[in-house]
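First comes the structure, then the notes that go with it.
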Amino acid sequence: MLIRFIIFLVLTYLLYRIIKYFRKQKSVKMNAYQSKVPPSAGEDLVEDPACHTYIPVSQSYKKEIAGKTYYFCSKECCQSYLSEKSNEKSQ
Ligand SMILES: [Zn+2]
């Protein structure tokens, strides 16, 4: 009976080692993938002039208005800002 218990322990240990090995492989692949993506930390934040939230430059919606580049969080914000501007002019 003791032999069976030892065999069970050895098999459990081997299974543990196999799982650990595959997990390590997976994390190595993930690290390799992440290194291709440029780090987003320390990226410049820009203010959305329509809703006044801050968004990273790479995620912003850029629009040039009267020679100046504006950064919006979404296309909808850009459009609402543009309509707001045109309302100001008409008044
Ligand atoms: Zn916005």
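Every chain in the structure tokens has a letter given in the order shown (A, B, ...), and although residue numbers restart at 1 in each chain, ligands are simply numbered from 1 in the order shown.
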Neighbours of stretch 55-63 of chain A within 7 Å (only C-alpha atoms; same-chain residues fewer than 3 positions away dropped), as a count of residues only?
12
What residues of the protein or nucleic acid chains come within 8 Å of ligand 1 when you use only C-alpha atoms and all ligand atoms? Reply as a ChimeraX atom specification.
/A:48-53,72-74,76-78
Write the residues of the preceding selection, restricted to C-alpha atoms, as a CSV table (one decimal), in the first residue's frame.
```
chain,number,residue,atom,x,y,z
A,48,ASP,CA,-10.6,67.3,-24.6
A,49,PRO,CA,-11.9,70.9,-25.1
A,50,ALA,CA,-15.5,69.6,-25.4
A,51,CYS,CA,-15.9,67.5,-22.2
A,52,HIS,CA,-12.6,68.5,-20.4
A,53,THR,CA,-11.4,65.0,-19.8
A,72,PHE,CA,-10.8,64.9,-28.5
A,73,CYS,CA,-11.8,61.8,-26.6
A,74,SER,CA,-14.2,60.8,-29.4
A,76,GLU,CA,-18.8,62.9,-31.1
A,77,CYS,CA,-17.0,65.3,-28.8
A,78,CYS,CA,-15.2,66.8,-31.8
```
Pick from A:Gln79, A:Lys85, A:Ile3, A:Tyr13, whichever lies nearest to A:Ala66 using only C-alpha atoms
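Checking each of A:Gln79, A:Lys85, A:Ile3, A:Tyr13 against A:Ala66, counting only C-alpha atoms, the winner is A:Lys85.
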Within chain A, find each residue whose DSSP state, derived from the backbone, is helix (DSSP H, G or I), and express the selection as a PyMOL selection string.
chain A and resi 2-36+57-59+75-90
For those residues, write N, CA and C atoms to a file as a short mmCIF file (atom, residue, chain, number, x, y, z; two decimals), in the first residue's frame.
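out04.cif was written with the following content:
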```
data_model
loop_
_atom_site.label_atom_id
_atom_site.label_comp_id
_atom_site.auth_asym_id
_atom_site.auth_seq_id
_atom_site.Cartn_x
_atom_site.Cartn_y
_atom_site.Cartn_z
N LEU A 2 1.98 1.22 0.69
CA LEU A 2 2.86 2.37 0.77
C LEU A 2 3.45 2.71 -0.60
N ILE A 3 3.74 1.66 -1.39
CA ILE A 3 4.29 1.85 -2.75
C ILE A 3 3.31 2.64 -3.61
N ARG A 4 2.03 2.28 -3.50
CA ARG A 4 1.00 2.98 -4.30
C ARG A 4 0.94 4.46 -3.90
N PHE A 5 1.06 4.70 -2.64
CA PHE A 5 1.04 6.08 -2.15
C PHE A 5 2.23 6.88 -2.70
N ILE A 6 3.39 6.25 -2.72
CA ILE A 6 4.60 6.91 -3.25
C ILE A 6 4.44 7.18 -4.75
N ILE A 7 3.90 6.20 -5.48
CA ILE A 7 3.68 6.37 -6.93
C ILE A 7 2.73 7.55 -7.17
N PHE A 8 1.69 7.60 -6.36
CA PHE A 8 0.72 8.70 -6.46
C PHE A 8 1.40 10.06 -6.23
N LEU A 9 2.26 10.09 -5.23
CA LEU A 9 2.98 11.34 -4.91
C LEU A 9 3.89 11.75 -6.07
N VAL A 10 4.61 10.77 -6.63
CA VAL A 10 5.53 11.03 -7.74
C VAL A 10 4.75 11.55 -8.95
N LEU A 11 3.62 10.91 -9.25
CA LEU A 11 2.80 11.34 -10.38
C LEU A 11 2.27 12.76 -10.17
N THR A 12 1.83 13.04 -8.97
CA THR A 12 1.33 14.38 -8.64
C THR A 12 2.43 15.42 -8.83
N TYR A 13 3.62 15.08 -8.38
CA TYR A 13 4.77 15.98 -8.51
C TYR A 13 5.10 16.23 -9.99
N LEU A 14 5.07 15.15 -10.77
CA LEU A 14 5.37 15.28 -12.20
C LEU A 14 4.34 16.17 -12.90
N LEU A 15 3.08 15.95 -12.54
CA LEU A 15 2.00 16.75 -13.11
C LEU A 15 2.19 18.23 -12.76
N TYR A 16 2.56 18.48 -11.53
CA TYR A 16 2.84 19.83 -11.06
C TYR A 16 3.96 20.47 -11.87
N ARG A 17 5.02 19.68 -12.12
CA ARG A 17 6.17 20.18 -12.88
C ARG A 17 5.77 20.51 -14.32
N ILE A 18 4.92 19.63 -14.91
CA ILE A 18 4.47 19.83 -16.29
C ILE A 18 3.65 21.12 -16.39
N ILE A 19 2.72 21.30 -15.46
CA ILE A 19 1.87 22.51 -15.45
C ILE A 19 2.73 23.75 -15.29
N LYS A 20 3.69 23.67 -14.38
CA LYS A 20 4.58 24.81 -14.13
C LYS A 20 5.39 25.15 -15.39
N TYR A 21 5.86 24.10 -16.08
CA TYR A 21 6.64 24.28 -17.31
C TYR A 21 5.82 25.00 -18.37
N PHE A 22 4.58 24.56 -18.57
CA PHE A 22 3.73 25.18 -19.59
C PHE A 22 3.35 26.61 -19.24
N ARG A 23 3.15 26.85 -17.94
CA ARG A 23 2.81 28.22 -17.51
C ARG A 23 3.97 29.16 -17.78
N LYS A 24 5.19 28.66 -17.55
CA LYS A 24 6.39 29.46 -17.78
C LYS A 24 6.51 29.80 -19.27
N GLN A 25 6.26 28.80 -20.11
CA GLN A 25 6.32 29.00 -21.56
C GLN A 25 5.33 30.07 -22.01
N LYS A 26 4.15 30.01 -21.45
CA LYS A 26 3.09 30.95 -21.80
C LYS A 26 3.48 32.38 -21.42
N SER A 27 4.02 32.54 -20.21
CA SER A 27 4.39 33.88 -19.75
C SER A 27 5.55 34.44 -20.56
N VAL A 28 6.46 33.59 -21.02
CA VAL A 28 7.57 34.03 -21.86
C VAL A 28 7.03 34.57 -23.18
N LYS A 29 6.08 33.85 -23.75
CA LYS A 29 5.46 34.30 -25.00
C LYS A 29 4.75 35.64 -24.82
N MET A 30 4.05 35.78 -23.70
CA MET A 30 3.33 37.02 -23.43
C MET A 30 4.28 38.20 -23.28
N ASN A 31 5.40 37.97 -22.59
CA ASN A 31 6.39 39.02 -22.41
C ASN A 31 6.96 39.46 -23.75
N ALA A 32 7.18 38.49 -24.64
CA ALA A 32 7.72 38.79 -25.96
C ALA A 32 6.73 39.64 -26.75
N TYR A 33 5.45 39.35 -26.58
CA TYR A 33 4.42 40.11 -27.27
C TYR A 33 4.34 41.53 -26.72
N GLN A 34 4.40 41.64 -25.39
CA GLN A 34 4.29 42.96 -24.76
C GLN A 34 5.44 43.88 -25.12
N SER A 35 6.63 43.29 -25.34
CA SER A 35 7.80 44.11 -25.64
C SER A 35 7.68 44.80 -26.99
N LYS A 36 6.84 44.23 -27.88
CA LYS A 36 6.64 44.83 -29.21
C LYS A 36 5.79 46.10 -29.11
N VAL A 57 -2.42 60.94 -25.97
CA VAL A 57 -2.38 61.45 -27.35
C VAL A 57 -2.70 60.34 -28.37
N SER A 58 -2.14 59.14 -28.13
CA SER A 58 -2.32 58.05 -29.11
C SER A 58 -3.77 57.58 -29.20
N GLN A 59 -4.54 57.79 -28.14
CA GLN A 59 -5.95 57.35 -28.14
C GLN A 59 -6.92 58.47 -28.48
N LYS A 75 -15.01 61.12 -31.61
CA LYS A 75 -15.46 61.89 -32.76
C LYS A 75 -16.69 62.73 -32.40
N GLU A 76 -17.55 62.16 -31.53
CA GLU A 76 -18.76 62.85 -31.10
C GLU A 76 -18.42 64.15 -30.38
N CYS A 77 -17.40 64.11 -29.52
CA CYS A 77 -16.97 65.30 -28.80
C CYS A 77 -16.46 66.35 -29.78
N CYS A 78 -15.74 65.90 -30.80
CA CYS A 78 -15.21 66.81 -31.81
C CYS A 78 -16.36 67.52 -32.52
N GLN A 79 -17.39 66.75 -32.88
CA GLN A 79 -18.53 67.33 -33.59
C GLN A 79 -19.31 68.30 -32.72
N SER A 80 -19.48 67.95 -31.45
CA SER A 80 -20.21 68.85 -30.55
C SER A 80 -19.41 70.13 -30.31
N TYR A 81 -18.07 69.99 -30.26
CA TYR A 81 -17.22 71.17 -30.09
C TYR A 81 -17.31 72.08 -31.32
N LEU A 82 -17.31 71.46 -32.49
CA LEU A 82 -17.42 72.23 -33.73
C LEU A 82 -18.75 72.97 -33.83
N SER A 83 -19.84 72.29 -33.45
CA SER A 83 -21.15 72.94 -33.51
C SER A 83 -21.25 74.06 -32.48
N GLU A 84 -20.60 73.84 -31.32
CA GLU A 84 -20.55 74.88 -30.29
C GLU A 84 -19.83 76.12 -30.82
N LYS A 85 -18.72 75.89 -31.51
CA LYS A 85 -17.91 76.97 -32.09
C LYS A 85 -18.73 77.75 -33.12
N SER A 86 -19.43 77.01 -33.98
CA SER A 86 -20.22 77.68 -35.02
C SER A 86 -21.38 78.46 -34.42
N ASN A 87 -21.93 77.99 -33.31
CA ASN A 87 -22.98 78.72 -32.60
C ASN A 87 -22.46 80.04 -32.03
N GLU A 88 -21.23 80.00 -31.52
CA GLU A 88 -20.60 81.20 -30.96
C GLU A 88 -20.44 82.28 -32.03
N LYS A 89 -20.05 81.83 -33.24
CA LYS A 89 -19.84 82.77 -34.35
C LYS A 89 -21.15 83.43 -34.80
N SER A 90 -22.21 82.63 -34.83
CA SER A 90 -23.49 83.15 -35.33
C SER A 90 -24.14 84.12 -34.35
#
```
Can you list every residue in chain A that DSSP puts in strand (DSSP E), as a list of chain:residue names?
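Residues meeting the strand (DSSP E) criterion: A:Leu45, A:Val46, A:Glu47, A:Tyr54, A:Ile55, A:Pro56, A:Tyr61, A:Lys62, A:Lys63, A:Glu64, A:Ile65, A:Lys68, A:Thr69, A:Tyr70, A:Tyr71, A:Phe72.
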